[in-house]
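Novice: So here's model-v3.cif (mmCIF, C-alpha atoms and all ligand atoms).
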```cif
data_input
loop_
_atom_site.label_atom_id
_atom_site.label_comp_id
_atom_site.auth_asym_id
_atom_site.auth_seq_id
_atom_site.Cartn_x
_atom_site.Cartn_y
_atom_site.Cartn_z
CA MET A 1 95.60 158.05 193.74
CA LEU A 2 98.17 159.66 191.46
CA ARG A 3 95.64 159.95 188.66
CA VAL A 4 93.05 161.58 190.94
CA TYR A 5 95.56 164.20 192.11
CA LEU A 6 96.67 164.74 188.53
CA GLU A 7 93.09 165.34 187.38
CA GLY A 8 92.57 167.86 190.21
CA PHE A 9 95.83 169.57 189.47
CA LEU A 10 95.02 169.80 185.75
CA GLU A 11 91.64 171.32 186.49
CA ALA A 12 93.23 173.94 188.77
CA ALA A 13 95.89 174.71 186.18
CA ALA A 14 93.26 174.96 183.43
CA GLN A 15 91.34 177.45 185.58
CA LEU A 16 94.44 179.54 186.01
CA GLN A 17 94.87 179.46 182.22
CA ARG A 18 91.19 180.35 181.76
CA GLY A 19 91.71 183.27 184.10
CA PHE A 20 94.21 184.76 181.64
CA ARG A 21 91.49 184.81 179.01
CA ASP A 22 89.23 186.78 181.35
CA PRO A 23 86.03 184.74 180.92
CA GLU A 24 82.55 186.16 181.48
CA PRO A 25 79.76 184.36 183.34
CA PRO A 26 77.00 183.21 180.96
CA GLY A 27 74.71 186.09 180.04
CA ALA A 28 76.58 188.61 182.15
CA GLY A 29 77.91 191.88 180.81
CA ARG A 30 80.29 192.51 183.68
CA ARG A 31 82.49 190.36 185.82
CA GLU A 32 81.42 189.47 189.33
CA ALA A 33 83.12 191.19 192.23
CA GLY A 34 85.72 189.28 194.23
CA LEU A 35 89.31 188.32 193.59
CA PRO A 36 89.25 186.47 190.26
CA VAL A 37 92.07 184.14 189.42
CA GLY A 38 92.59 186.04 186.17
CA TRP A 39 93.18 189.28 188.07
CA VAL A 40 95.78 187.65 190.29
CA ALA A 41 97.42 185.96 187.29
CA ALA A 42 97.43 189.18 185.31
CA SER A 43 98.99 191.10 188.20
CA VAL A 44 101.75 188.54 188.60
CA CYS A 45 102.36 188.62 184.87
CA CYS A 46 102.62 192.41 184.81
CA ALA A 47 105.34 192.20 187.40
CA VAL A 48 107.38 189.68 185.41
CA ASP A 49 107.53 189.05 181.63
CA HIS A 50 103.88 188.69 180.76
CA LEU A 51 104.39 186.79 177.52
CA MET A 52 107.04 184.52 178.96
CA LEU A 53 104.74 183.43 181.78
CA ARG A 54 101.83 182.80 179.45
CA VAL A 55 103.99 180.75 177.07
CA TYR A 56 105.36 178.66 179.94
CA LEU A 57 101.89 178.18 181.38
CA GLU A 58 100.62 176.82 178.05
CA GLY A 59 103.65 174.51 177.76
CA PHE A 60 103.31 173.40 181.35
CA LEU A 61 99.60 172.59 180.94
CA GLU A 62 100.34 170.66 177.80
CA ALA A 63 103.09 168.68 179.55
CA ALA A 64 100.78 167.93 182.49
CA ALA A 65 98.05 166.71 180.12
CA GLN A 66 100.61 164.50 178.42
CA LEU A 67 101.61 162.94 181.72
CA GLN A 68 97.95 162.08 182.17
CA ARG A 69 97.73 160.80 178.58
CA GLY A 70 100.81 158.64 179.16
CA PHE A 71 98.83 156.57 181.66
CA ARG A 72 96.49 155.59 178.83
CA ASP A 73 99.42 154.29 176.78
CA PRO A 74 98.29 155.67 173.41
CA GLU A 75 98.96 153.87 170.13
CA PRO A 76 100.05 155.47 166.85
CA PRO A 77 97.22 155.98 164.35
CA GLU A 78 96.71 153.12 161.92
CA LEU A 79 97.11 154.48 158.42
CA PRO A 80 96.92 152.88 154.98
CA PRO A 81 99.96 152.50 152.70
CA GLN A 82 100.64 155.44 150.38
CA PRO A 83 102.58 154.08 147.40
CA GLY A 84 103.11 156.48 144.51
CA ARG A 85 102.46 159.56 146.65
CA VAL A 86 105.00 162.31 147.21
CA ALA A 87 105.60 164.39 150.34
CA VAL A 88 107.85 167.35 151.12
CA VAL A 89 108.72 167.72 154.81
CA THR A 90 110.48 170.91 155.89
CA GLY A 91 113.02 170.48 158.68
CA GLY A 92 112.83 166.72 158.22
CA THR A 93 116.44 166.31 159.29
CA GLU A 94 115.84 166.25 163.04
CA GLY A 95 113.22 165.97 165.76
CA ILE A 96 109.55 165.75 164.82
CA GLY A 97 110.30 166.36 161.13
CA LEU A 98 112.70 163.41 160.94
CA ALA A 99 110.12 161.18 162.65
CA THR A 100 107.42 162.45 160.25
CA ALA A 101 109.60 161.75 157.21
CA ARG A 102 110.35 158.27 158.58
CA ARG A 103 106.67 157.42 159.13
CA LEU A 104 105.65 158.71 155.69
CA ALA A 105 108.47 156.73 154.08
CA ALA A 106 107.38 153.64 156.02
CA LEU A 107 103.94 154.07 154.41
CA GLY A 108 105.63 153.88 151.00
CA MET A 109 105.66 157.58 150.15
CA HIS A 110 108.40 159.26 148.16
CA VAL A 111 109.70 161.71 150.77
CA ILE A 112 111.71 164.82 150.04
CA ILE A 113 113.29 166.41 153.08
CA ALA A 114 113.67 170.16 152.66
CA GLY A 115 116.29 171.28 155.13
CA LEU A 116 119.10 173.57 156.11
CA ASP A 117 122.14 171.42 156.48
CA VAL A 118 123.24 169.13 153.64
CA GLU A 119 125.30 166.79 155.79
CA THR A 120 122.58 166.30 158.43
CA GLY A 121 120.02 166.02 155.63
CA TRP A 122 121.74 163.17 153.82
CA ALA A 123 122.49 161.45 157.13
CA ALA A 124 118.75 161.53 157.86
CA VAL A 125 118.02 160.15 154.38
CA GLY A 126 120.47 157.27 154.98
CA THR A 127 118.87 156.42 158.33
CA ILE A 128 115.33 156.48 156.96
CA ARG A 129 116.21 154.42 153.87
CA LYS A 130 117.87 151.82 156.07
CA GLU A 131 115.05 151.65 158.61
CA THR A 132 112.14 151.65 156.16
CA LEU A 133 113.78 149.90 153.18
CA ASN A 134 112.26 152.66 151.06
CA PRO A 135 114.87 154.01 148.61
CA GLN A 136 112.64 156.94 147.62
CA VAL A 137 113.83 159.32 150.28
CA GLU A 138 115.94 162.33 149.39
CA PHE A 139 117.22 165.63 150.63
CA MET A 140 116.96 169.02 148.95
CA PRO A 141 118.45 172.15 150.51
CA CYS A 142 115.99 174.85 151.55
CA ASP A 143 116.72 177.64 154.00
CA LEU A 144 113.36 179.03 155.06
CA GLY A 145 115.11 182.14 156.31
CA SER A 146 116.06 183.04 152.74
CA MET A 147 113.42 183.88 150.15
CA ALA A 148 115.98 183.18 147.42
CA SER A 149 116.67 179.72 148.85
CA VAL A 150 112.94 178.92 149.05
CA ARG A 151 112.51 180.04 145.43
CA ARG A 152 115.51 177.90 144.37
CA PHE A 153 114.04 174.88 146.14
CA VAL A 154 110.68 175.34 144.40
CA ALA A 155 112.35 175.88 141.01
CA ARG A 156 114.35 172.67 141.45
CA PHE A 157 111.33 170.74 142.65
CA THR A 158 108.94 171.90 139.94
CA GLY A 159 111.67 171.44 137.31
CA ARG A 160 111.49 167.71 138.00
CA ARG A 161 107.78 167.63 137.11
CA CYS A 162 107.23 165.47 140.15
CA PRO A 163 103.73 165.38 141.70
CA LEU A 164 103.22 166.74 145.21
CA HIS A 165 100.52 165.21 147.37
CA VAL A 166 101.58 166.36 150.83
CA LEU A 167 103.48 169.40 152.09
CA VAL A 168 104.38 169.32 155.78
CA ASN A 169 105.40 172.78 157.02
CA ASN A 170 107.31 171.43 160.00
CA ALA A 171 110.59 173.35 160.38
CA GLY A 172 110.88 175.92 163.09
CA VAL A 173 113.04 177.87 165.49
CA MET A 174 112.03 178.66 169.05
CA MET A 175 112.93 181.47 171.42
CA VAL A 176 116.09 182.42 169.60
CA PRO A 177 117.85 185.63 170.66
CA GLN A 178 116.85 188.65 168.60
CA ARG A 179 118.49 188.22 165.22
CA LEU A 180 117.63 188.62 161.54
CA THR A 181 117.36 186.29 158.56
CA VAL A 182 119.43 187.03 155.45
CA ASP A 183 116.44 188.97 154.15
CA GLY A 184 116.40 191.12 157.29
CA PHE A 185 113.32 189.62 158.95
CA GLU A 186 113.12 188.80 162.65
CA GLU A 187 113.98 185.09 162.71
CA HIS A 188 110.75 183.59 164.12
CA TRP A 189 108.69 185.71 161.75
CA GLY A 190 111.02 185.09 158.80
CA VAL A 191 111.62 181.33 159.16
CA ASN A 192 108.49 180.00 160.88
CA PHE A 193 105.91 182.19 159.15
CA LEU A 194 107.22 183.95 156.03
CA GLY A 195 109.41 181.06 154.84
CA HIS A 196 106.51 178.62 155.01
CA PHE A 197 104.11 181.19 153.59
CA LEU A 198 106.25 181.65 150.47
CA LEU A 199 107.03 177.94 150.12
CA THR A 200 103.35 177.00 150.28
CA VAL A 201 102.17 179.69 147.87
CA LEU A 202 104.87 178.73 145.34
CA LEU A 203 104.02 175.02 145.63
CA LEU A 204 100.26 175.49 145.28
CA ASP A 205 100.25 174.79 141.52
CA ALA A 206 102.05 171.48 142.10
CA LEU A 207 99.65 170.55 144.90
CA GLU A 208 96.59 171.52 142.85
CA ALA A 209 97.82 169.49 139.90
CA SER A 210 98.27 166.44 142.15
CA GLY A 211 94.99 166.60 144.04
CA SER A 212 91.91 164.93 142.63
CA PRO A 213 88.26 164.49 143.64
CA GLY A 214 88.20 162.01 146.51
CA ARG A 215 91.97 162.26 146.95
CA CYS A 216 92.96 165.79 147.84
CA ALA A 217 96.53 166.98 148.16
CA ARG A 218 97.23 168.25 151.68
CA VAL A 219 99.10 171.06 153.39
CA VAL A 220 99.91 170.34 157.03
CA THR A 221 101.33 173.20 159.08
CA LEU A 222 102.77 172.77 162.55
CA SER A 223 101.68 175.11 165.28
CA SER A 224 101.88 174.84 169.04
CA ALA A 225 99.80 175.26 172.20
CA THR A 226 101.83 178.44 172.76
CA HIS A 227 99.80 180.11 169.99
CA ARG A 228 97.14 180.51 172.68
CA ALA A 229 99.45 182.79 174.64
CA ALA A 230 100.24 184.96 171.64
CA SER A 231 99.32 188.39 170.52
CA LEU A 232 99.60 189.29 166.85
CA ASP A 233 100.83 192.80 166.24
CA LEU A 234 100.22 193.43 162.56
CA ASP A 235 101.71 196.92 162.85
CA ASP A 236 104.94 195.62 164.33
CA PRO A 237 105.11 191.85 163.74
CA GLN A 238 108.89 191.81 164.08
CA GLY A 239 109.02 193.29 167.55
CA SER A 240 110.98 196.42 166.66
CA ARG A 241 109.35 198.25 169.58
CA GLY A 242 110.41 195.61 172.10
CA TYR A 243 111.52 192.03 171.58
CA SER A 244 110.38 189.02 173.57
CA ALA A 245 111.78 185.69 172.33
CA HIS A 246 108.77 183.94 173.89
CA GLY A 247 106.31 186.37 172.36
CA ALA A 248 107.98 186.16 168.94
CA TYR A 249 107.78 182.35 168.87
CA ALA A 250 104.18 182.27 170.06
CA GLN A 251 103.21 184.98 167.58
CA SER A 252 104.75 183.04 164.67
CA LYS A 253 102.75 179.96 165.71
CA LEU A 254 99.55 182.02 165.93
CA ALA A 255 100.27 183.46 162.48
CA LEU A 256 100.63 179.92 161.09
CA VAL A 257 97.16 178.98 162.33
CA LEU A 258 95.58 182.08 160.76
CA PHE A 259 97.56 181.43 157.56
CA SER A 260 96.37 177.84 157.38
CA TYR A 261 92.70 178.74 157.89
CA HIS A 262 92.82 181.48 155.26
CA LEU A 263 94.57 179.14 152.84
CA GLN A 264 91.74 176.66 153.35
CA HIS A 265 89.16 179.39 152.57
CA LEU A 266 91.01 180.28 149.36
CA LEU A 267 91.36 176.65 148.26
CA ALA A 268 87.69 175.93 148.93
CA ALA A 269 86.60 179.11 147.11
CA ALA A 270 88.70 178.16 144.10
CA GLY A 271 87.32 174.60 144.12
CA ARG A 272 90.83 173.11 144.39
CA HIS A 273 91.35 169.54 145.53
CA VAL A 274 93.79 170.60 148.22
CA THR A 275 93.14 170.94 151.96
CA ALA A 276 95.02 172.80 154.68
CA ASN A 277 95.11 171.77 158.33
CA VAL A 278 97.15 172.60 161.42
CA ALA A 279 98.96 169.95 163.48
CA ASP A 280 99.91 170.58 167.10
CA PRO A 281 102.44 167.93 168.16
CA GLY A 282 102.22 168.55 171.93
CA VAL A 283 105.35 168.96 174.05
CA VAL A 284 108.08 166.86 172.46
CA ASN A 285 111.59 166.01 173.58
CA THR A 286 113.66 167.59 170.80
CA ASP A 287 116.45 170.10 170.43
CA LEU A 288 113.91 172.85 169.78
CA TYR A 289 114.40 173.76 173.45
CA ARG A 290 118.07 174.61 172.97
CA HIS A 291 117.43 178.31 173.67
CA VAL A 292 115.14 177.78 176.66
CA PHE A 293 117.01 178.27 179.93
CA TRP A 294 115.98 174.86 181.30
CA GLY A 295 115.83 173.26 177.85
CA ARG A 296 118.98 171.19 177.99
CA GLY A 297 119.29 171.10 181.72
CA PRO A 298 118.55 168.65 184.47
CA ILE A 299 114.79 169.34 184.52
CA LYS A 300 114.40 168.15 180.95
CA SER A 301 116.62 165.11 181.50
CA LEU A 302 114.76 164.25 184.68
CA LEU A 303 111.21 164.84 183.53
CA GLY A 304 111.66 164.34 179.80
CA ARG A 305 110.57 160.74 179.67
CA TRP A 306 107.48 161.42 181.79
CA VAL A 307 106.06 164.63 180.46
CA PHE A 308 107.52 164.97 176.96
CA LYS A 309 106.44 162.94 173.97
CA THR A 310 109.19 161.21 172.02
CA PRO A 311 109.86 162.71 168.56
CA ASP A 312 108.06 159.70 167.07
CA GLU A 313 104.96 160.30 169.23
CA GLY A 314 105.24 163.98 168.33
CA SER A 315 104.96 163.07 164.64
CA TRP A 316 101.67 161.15 164.95
CA THR A 317 99.39 164.14 164.48
CA SER A 318 101.35 165.46 161.47
CA VAL A 319 101.28 162.06 159.79
CA TYR A 320 97.60 161.62 160.61
CA ALA A 321 96.86 165.03 159.07
CA ALA A 322 98.96 164.13 156.03
CA VAL A 323 97.34 160.82 155.09
CA SER A 324 94.41 159.79 157.26
CA PRO A 325 91.36 158.77 155.16
CA GLU A 326 89.14 160.23 157.93
CA LEU A 327 90.37 163.68 156.93
CA GLU A 328 89.75 163.30 153.21
CA GLY A 329 88.43 166.62 151.90
CA GLN A 330 88.51 168.16 155.40
CA GLY A 331 90.42 171.37 155.94
CA GLY A 332 90.64 174.32 158.30
CA ARG A 333 91.11 172.11 161.37
CA TYR A 334 93.42 172.40 164.34
CA LEU A 335 94.50 168.87 165.17
CA HIS A 336 95.99 167.78 168.47
CA ASN A 337 96.47 164.16 169.56
CA GLU A 338 94.89 163.20 166.18
CA GLN A 339 91.67 165.01 167.05
CA GLU A 340 90.12 168.31 166.09
CA THR A 341 90.58 170.83 168.89
CA PRO A 342 89.56 174.50 169.03
CA SER A 343 92.36 176.97 168.48
CA LEU A 344 92.41 180.44 170.03
CA ALA A 345 89.10 182.18 169.22
CA VAL A 346 90.77 184.99 167.31
CA THR A 347 92.21 182.53 164.76
CA TYR A 348 88.69 182.12 163.34
CA ASP A 349 88.41 185.84 162.57
CA PRO A 350 88.31 186.04 158.74
CA HIS A 351 89.23 189.72 158.78
CA LEU A 352 92.38 189.07 160.72
CA GLN A 353 93.21 186.07 158.53
CA ARG A 354 92.76 188.30 155.48
CA ARG A 355 94.99 191.06 156.84
CA LEU A 356 97.74 188.66 157.80
CA TRP A 357 97.59 187.03 154.37
CA ALA A 358 97.90 190.42 152.70
CA LEU A 359 100.92 191.21 154.88
CA GLY A 360 102.49 187.85 154.00
CA CYS A 361 102.01 188.54 150.29
CA GLU A 362 103.52 191.99 150.66
CA MET A 363 106.54 190.78 152.62
CA THR A 364 107.29 187.83 150.34
CA GLY A 365 106.46 189.57 147.06
CA VAL A 366 103.70 187.26 145.84
CA PRO A 367 100.35 188.42 144.43
CA ASP A 368 97.34 188.37 146.74
CA VAL A 369 94.49 186.47 145.08
CA THR A 370 92.04 186.89 147.96
CA GLU A 371 90.09 189.63 146.23
CA ASP A 372 89.42 187.42 143.21
CA LEU A 373 88.49 184.33 145.21
CA LEU A 374 86.73 185.79 148.24
CA PRO A 375 85.08 189.00 147.08
CA GLY A 376 84.02 191.17 149.96
CA ALA A 377 86.88 189.98 152.14
CA SER A 378 89.19 192.48 150.49
CA ASN A 379 88.20 195.52 152.49
CA PRO A 380 87.07 194.38 155.90
CA GLY A 381 87.36 197.86 157.41
CA PRO A 382 88.04 198.52 161.07
CA ARG A 383 86.97 195.77 163.40
CA THR A 384 87.74 195.00 166.99
CA SER A 385 88.80 191.42 167.47
CA GLU A 386 88.64 189.30 170.57
CA GLY A 387 91.86 188.33 172.28
CA SER A 388 95.07 190.23 172.47
CA VAL A 389 95.32 191.27 168.86
CA SER A 390 96.77 194.65 168.16
CA HIS A 391 95.58 196.33 164.93
N1 LIG B 401 109.22 170.12 170.36
C1 LIG B 401 108.07 170.60 170.82
O1 LIG B 401 107.74 170.44 172.02
C2 LIG B 401 107.12 171.31 169.92
C3 LIG B 401 105.88 171.74 170.45
C4 LIG B 401 104.98 172.41 169.62
C5 LIG B 401 105.31 172.65 168.30
N2 LIG B 401 106.54 172.23 167.81
C6 LIG B 401 106.83 172.53 166.40
O2 LIG B 401 107.29 171.35 165.76
C7 LIG B 401 108.15 171.72 164.68
C8 LIG B 401 109.39 170.85 164.72
O3 LIG B 401 110.11 171.15 165.91
P1 LIG B 401 111.10 170.11 166.63
O4 LIG B 401 110.65 170.03 168.02
O5 LIG B 401 111.24 168.88 165.84
O6 LIG B 401 112.44 170.98 166.62
P2 LIG B 401 113.92 170.63 166.11
O7 LIG B 401 114.77 171.78 166.54
O8 LIG B 401 114.31 169.26 166.52
O9 LIG B 401 113.73 170.63 164.53
C9 LIG B 401 113.51 171.82 163.85
C10 LIG B 401 113.86 171.60 162.39
O10 LIG B 401 113.70 172.84 161.70
C11 LIG B 401 114.84 173.05 160.90
N3 LIG B 401 115.08 174.46 160.63
C12 LIG B 401 115.35 175.45 161.50
N4 LIG B 401 115.58 176.59 160.84
C13 LIG B 401 115.43 176.32 159.52
C14 LIG B 401 115.54 177.09 158.34
N5 LIG B 401 115.91 178.37 158.37
N6 LIG B 401 115.30 176.49 157.16
C15 LIG B 401 114.96 175.18 157.10
N7 LIG B 401 114.87 174.40 158.18
C16 LIG B 401 115.10 174.97 159.37
C17 LIG B 401 115.99 172.44 161.70
O11 LIG B 401 117.13 172.20 160.87
C18 LIG B 401 115.33 171.18 162.20
O12 LIG B 401 115.40 170.16 161.23
C19 LIG B 401 108.42 173.22 164.84
O13 LIG B 401 107.62 173.92 163.94
C20 LIG B 401 107.97 173.52 166.25
O14 LIG B 401 107.52 174.85 166.40
C21 LIG B 401 107.42 171.56 168.58
#
```
If you convert what's in this file into C-alpha cells, what do you get?
Specialist:
Amino acid sequence: MLRVYLEGFLEAAAQLQRGFRDPEPPGAGRREAGLPVGWVAASVCCAVDHLMLRVYLEGFLEAAAQLQRGFRDPEPPELPPQPGRVAVVTGGTEGIGLATARRLAALGMHVIIAGLDVETGWAAVGTIRKETLNPQVEFMPCDLGSMASVRRFVARFTGRRCPLHVLVNNAGVMMVPQRLTVDGFEEHWGVNFLGHFLLTVLLLDALEASGSPGRCARVVTLSSATHRAASLDLDDPQGSRGYSAHGAYAQSKLALVLFSYHLQHLLAAAGRHVTANVADPGVVNTDLYRHVFWGRGPIKSLLGRWVFKTPDEGSWTSVYAAVSPELEGQGGRYLHNEQETPSLAVTYDPHLQRRLWALGCEMTGVPDVTEDLLPGASNPGPRTSEGSVSH
C-alpha cells in the first residue's frame, strides 16, 4: 500500500516539477487553455523566493525517489581492483568525498585527498589507511577558493612526476551566506566552479600522460539535481545584482555540468585518452546542509535515515564513474544512481558551453584552446537558448 501511494505521490510531484518547465503538448505551438499546474506553481514562486522553491522542489523530489529506491535495497556497484592507479579526490576529508576516497583506496588505488584543513585531512587519511589496509593514501592541502592554492597544489603534484588516472571534482559549498573567496569571487562560483575549472585545466597534462588506448584517464565532476532549478547568468554569474544562496549553489552545479560536457568535446577533438563525466550523488546525509535552515534540525534527524543516502551510498556513482569498465572511453554523461540520466536540456547547448568555458578561462587566467580544437565554435553569435539562461 505504501509503495502504491508513494508511486502516485511521486508522479504528482514530478508533474508539478514538469509544470515549472512549461511543457508544450506534442505538435502544438501554444499551450492549451485552462489552469496549468505550471501557471499555479509559477505564481506561487513569484510570491515567494522563486529559486529557493525550485531548489527545494528538486531536492524534495530526489529525496522522495530515494525513499522509493530504498525499498529495493540497492547494492554498491561491483568494480574491479585498481592497483597501480592514482586518484585525486577534492574535499575527500568529509562526507561523500571521504567515502569516495575510502572506496577507491579499498580498490587498491593510490589516493590523494586534496582538501582545506590539514588536521581533518590527515585524520581522514589515518581512518582510510586503517579501514582499507592501503598505505597509499595521503593528504595535500588545496583551497579551491584560492587560485594560488590550486596552483601550488598542482605544482607540488606534478613535481612528484606521479601519474594521474582519476580526478574527482567533489568538494563543494552549499547555500552559504553571500561572501567572497580570497580572490574576490562569490563563494559558490569561486569554489565549486572556478576552483575545479582551474584545477582540472592545470592537471590535464598529467591526465593525458596517464591515459592510454583502452584505459582512459577520467575526470569525474559532482553536480546535483538542483542544477535543474538553475539559471546561468553569464553577464552576472556572481549575483552582484541580487544574491540568492539557493540560486548561487544551483547555478554553480549547472556550470559544472556545462563545463564537463565542453571538456569532453575538447578531449575528444584533441584525441586524448581522457574522459569527463558528471556524477550526481542524490540527496545524501552530510554536513553540506549546515547552512540550510532545516539542515541540522529535527527534520533531518527524523527523516535522514529514510530519505537521505548515507555518505557511502552517495559515493557509489562517483566511484562507478571513476573506475567502471562499462564506462571505458565514454564521456559527456550525466550519471545518477550509476546510470546515464538526462541533465537539463540547456546543458547540451554547445554555444552556452563554449561561452561558459571562455568565461572560466578569463576568470582563472588560463588560455582558451577551444578555437584550435573546435573550429567554428569560437564565434557562435547570438542565439536564444531554451531554459532560464540569461545571455
Ligand atoms: N549531500 C548531498 O545531498 C549532495 C547532493 C548533491 C550533490 N552534492 C555534492 O557532493 C559534493 C560533496 O558534498 P558533501 O555532501 O560530501 O558535503 P560536505 O560538506 O560533507 O563535504 C564537502 C567537502 O568540500 C570541502 N571543501 C569546501 N570548501 C572547500 C575549499 N574551498 N577547498 C577545498 N575543499 C573544500 C570540505 O572541506 C568538505 O571536505 C559537493 O560537490 C556537493 O555539491 C551533495
Novice: Please, what distance in Å, to one decimal, runs between atom CA of A:Ser224 and atom CA of A:Thr317?
Specialist: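 Computed distance, atom CA of A:Ser224 to atom CA of A:Thr317, equals 11.9 Å.
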Novice: Any residue with an atom at most 6 Å from ligand LIG 401 (chain B) counts, using only C-alpha atoms and all ligand atoms. Which are they? Put them as a ChimeraX atom specification.
Specialist: /A:91-97,115-116,142-145,170-173,191,222-224,280-288
Novice: Can you write out the residues you just picked, keeping C-alpha atoms, as a short mmCIF file (atom, residue, chain, number, x, y, z; two decimals), keeping the file's coordinate frame?
Specialist:
```cif
data_model
loop_
_atom_site.label_atom_id
_atom_site.label_comp_id
_atom_site.auth_asym_id
_atom_site.auth_seq_id
_atom_site.Cartn_x
_atom_site.Cartn_y
_atom_site.Cartn_z
CA GLY A 91 113.02 170.48 158.68
CA GLY A 92 112.83 166.72 158.22
CA THR A 93 116.44 166.31 159.29
CA GLU A 94 115.84 166.25 163.04
CA GLY A 95 113.22 165.97 165.76
CA ILE A 96 109.55 165.75 164.82
CA GLY A 97 110.30 166.36 161.13
CA GLY A 115 116.29 171.28 155.13
CA LEU A 116 119.10 173.57 156.11
CA CYS A 142 115.99 174.85 151.55
CA ASP A 143 116.72 177.64 154.00
CA LEU A 144 113.36 179.03 155.06
CA GLY A 145 115.11 182.14 156.31
CA ASN A 170 107.31 171.43 160.00
CA ALA A 171 110.59 173.35 160.38
CA GLY A 172 110.88 175.92 163.09
CA VAL A 173 113.04 177.87 165.49
CA VAL A 191 111.62 181.33 159.16
CA LEU A 222 102.77 172.77 162.55
CA SER A 223 101.68 175.11 165.28
CA SER A 224 101.88 174.84 169.04
CA ASP A 280 99.91 170.58 167.10
CA PRO A 281 102.44 167.93 168.16
CA GLY A 282 102.22 168.55 171.93
CA VAL A 283 105.35 168.96 174.05
CA VAL A 284 108.08 166.86 172.46
CA ASN A 285 111.59 166.01 173.58
CA THR A 286 113.66 167.59 170.80
CA ASP A 287 116.45 170.10 170.43
CA LEU A 288 113.91 172.85 169.78
#
```
Novice: Using only C-alpha atoms, which of the listed residues (A:Ile112, A:Leu167, A:Leu199, A:Leu303) sits closest to A:Arg152?
Specialist: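 Using only C-alpha atoms, A:Arg152 sits closest to A:Leu199.
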Novice: Determine the nearest neighbour of A:Met109 from the options A:Gly214, A:Gly59, A:Pro135, A:Gly121, counting all atoms listed in the file.
Specialist: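 Closest to A:Met109 of all the choices is A:Pro135.
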Novice: To one decimal place, how far is atom CA of A:Ala106 from atom CA of A:Ser210 in Å?
Specialist: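 Computing the Euclidean distance for atom CA of A:Ala106 and atom CA of A:Ser210 yields 21.0 Å.
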Novice: Find the residues near A:Trp357: any atom within 10 Å, counting all atoms listed in the file, skip ones fewer than 2 places away on the same chain, and give them as a list of chain:residue names.
Specialist: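 The residues satisfying every condition are A:Phe197, A:Ala255, A:Leu258, A:Phe259, A:Ser260, A:His262, A:Leu263, A:His351, A:Leu352, A:Gln353, A:Arg354, A:Arg355, A:Leu359, A:Gly360, A:Cys361, A:Glu362, A:Met363, A:Asp368, A:Val369, A:Thr370.
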Novice: If you measure from atom CA of A:Asn277 to atom CA of A:Gln251, what distance in Å do you get, rounded to one decimal?
Specialist: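 Atom-to-atom, atom CA of A:Asn277 and atom CA of A:Gln251 are spaced 18.0 Å apart.
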Novice: Pick from A:Trp306, A:Tyr261, A:Tyr334, A:Trp189: nearest to A:Val176, with only C-alpha atoms counted?
Specialist: A:Trp189
Novice: Given the choices A:Pro325, A:Thr200, A:Ala87, A:Ala148, which gets closest to A:Asp183 if the distance is worked out from all atoms listed in the file?
Specialist: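 So, comparing all the options, the nearest one is A:Ala148.
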Novice: Give me, as a ChimeraX atom specification, all polymer residues having an atom no more than 10 Å from stretch 226-241 of chain A, counting only C-alpha atoms and skipping those fewer than 5 positions away in the same chain.
Specialist: /A:17,20-21,50-59,62,178,180,185-190,246-257,280,282,343-347,352,355-356,359,387-391
Novice: A:Thr221: which residues within 6 Å, counting all atoms listed in the file, same-chain residues fewer than 2 positions away excluded, as an MDAnalysis selection string?
Specialist: chainID A and resid 168:169 278:279
Novice: Calculated over all atoms listed in the file, which of the candidates A:Ile113, A:Ala64, A:Ala245, A:Ala321 has the smallest distance to A:Arg179?
Specialist: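 Answer, going by the shortest atom-to-atom distance: A:Ala245.
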Novice: How would you write as a list in words the residues that get within 12 Å of (115.1, 169.1, 177.5) in the file's frame, counting only C-alpha atoms?
Specialist: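 Every residue inside that radius is included here: Val283, Val284, Asn285, Thr286, Asp287, Leu288, Tyr289, Arg290, His291, Val292, Phe293, Trp294, Gly295, Arg296, Gly297, Pro298, Ile299, Lys300, Ser301, Leu302, Leu303, Gly304, Arg305, Trp306, Val307, Phe308, Lys309 and Thr310 of chain A.
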Novice: Which is closer to A:Ala225 than all the others in A:Leu194, A:Leu202, A:Leu67, A:Leu335, using only C-alpha atoms?
Specialist: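 Closest to A:Ala225, using only C-alpha atoms: A:Leu335.
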Novice: Would you mind listing, for every residue of stretch 217-311 of chain A within 12 Å of stretch 158-164 of chain A, the two atoms forming the shortest contact and the distance between them in Å to one decimal, using all atoms listed in the file, sorted by chain and ascending residue number, as JSON lines?
Specialist:
```
{"residue": "A:Ala217", "atom": "CA", "partner": "A:Leu164", "partner_atom": "CA", "distance": 7.3}
{"residue": "A:Arg218", "atom": "CA", "partner": "A:Leu164", "partner_atom": "CA", "distance": 8.9}
{"residue": "A:Val219", "atom": "CA", "partner": "A:Leu164", "partner_atom": "CA", "distance": 10.1}
{"residue": "A:Val274", "atom": "CA", "partner": "A:Leu164", "partner_atom": "CA", "distance": 10.6}
```
Novice: Show me, as a PyMOL selection string, the residues that have an atom within 10 Å of A:Pro213 when counting all atoms listed in the file, minus same-chain residues fewer than 3 positions from it.
Specialist: chain A and resi 216-217+272-274+328-329
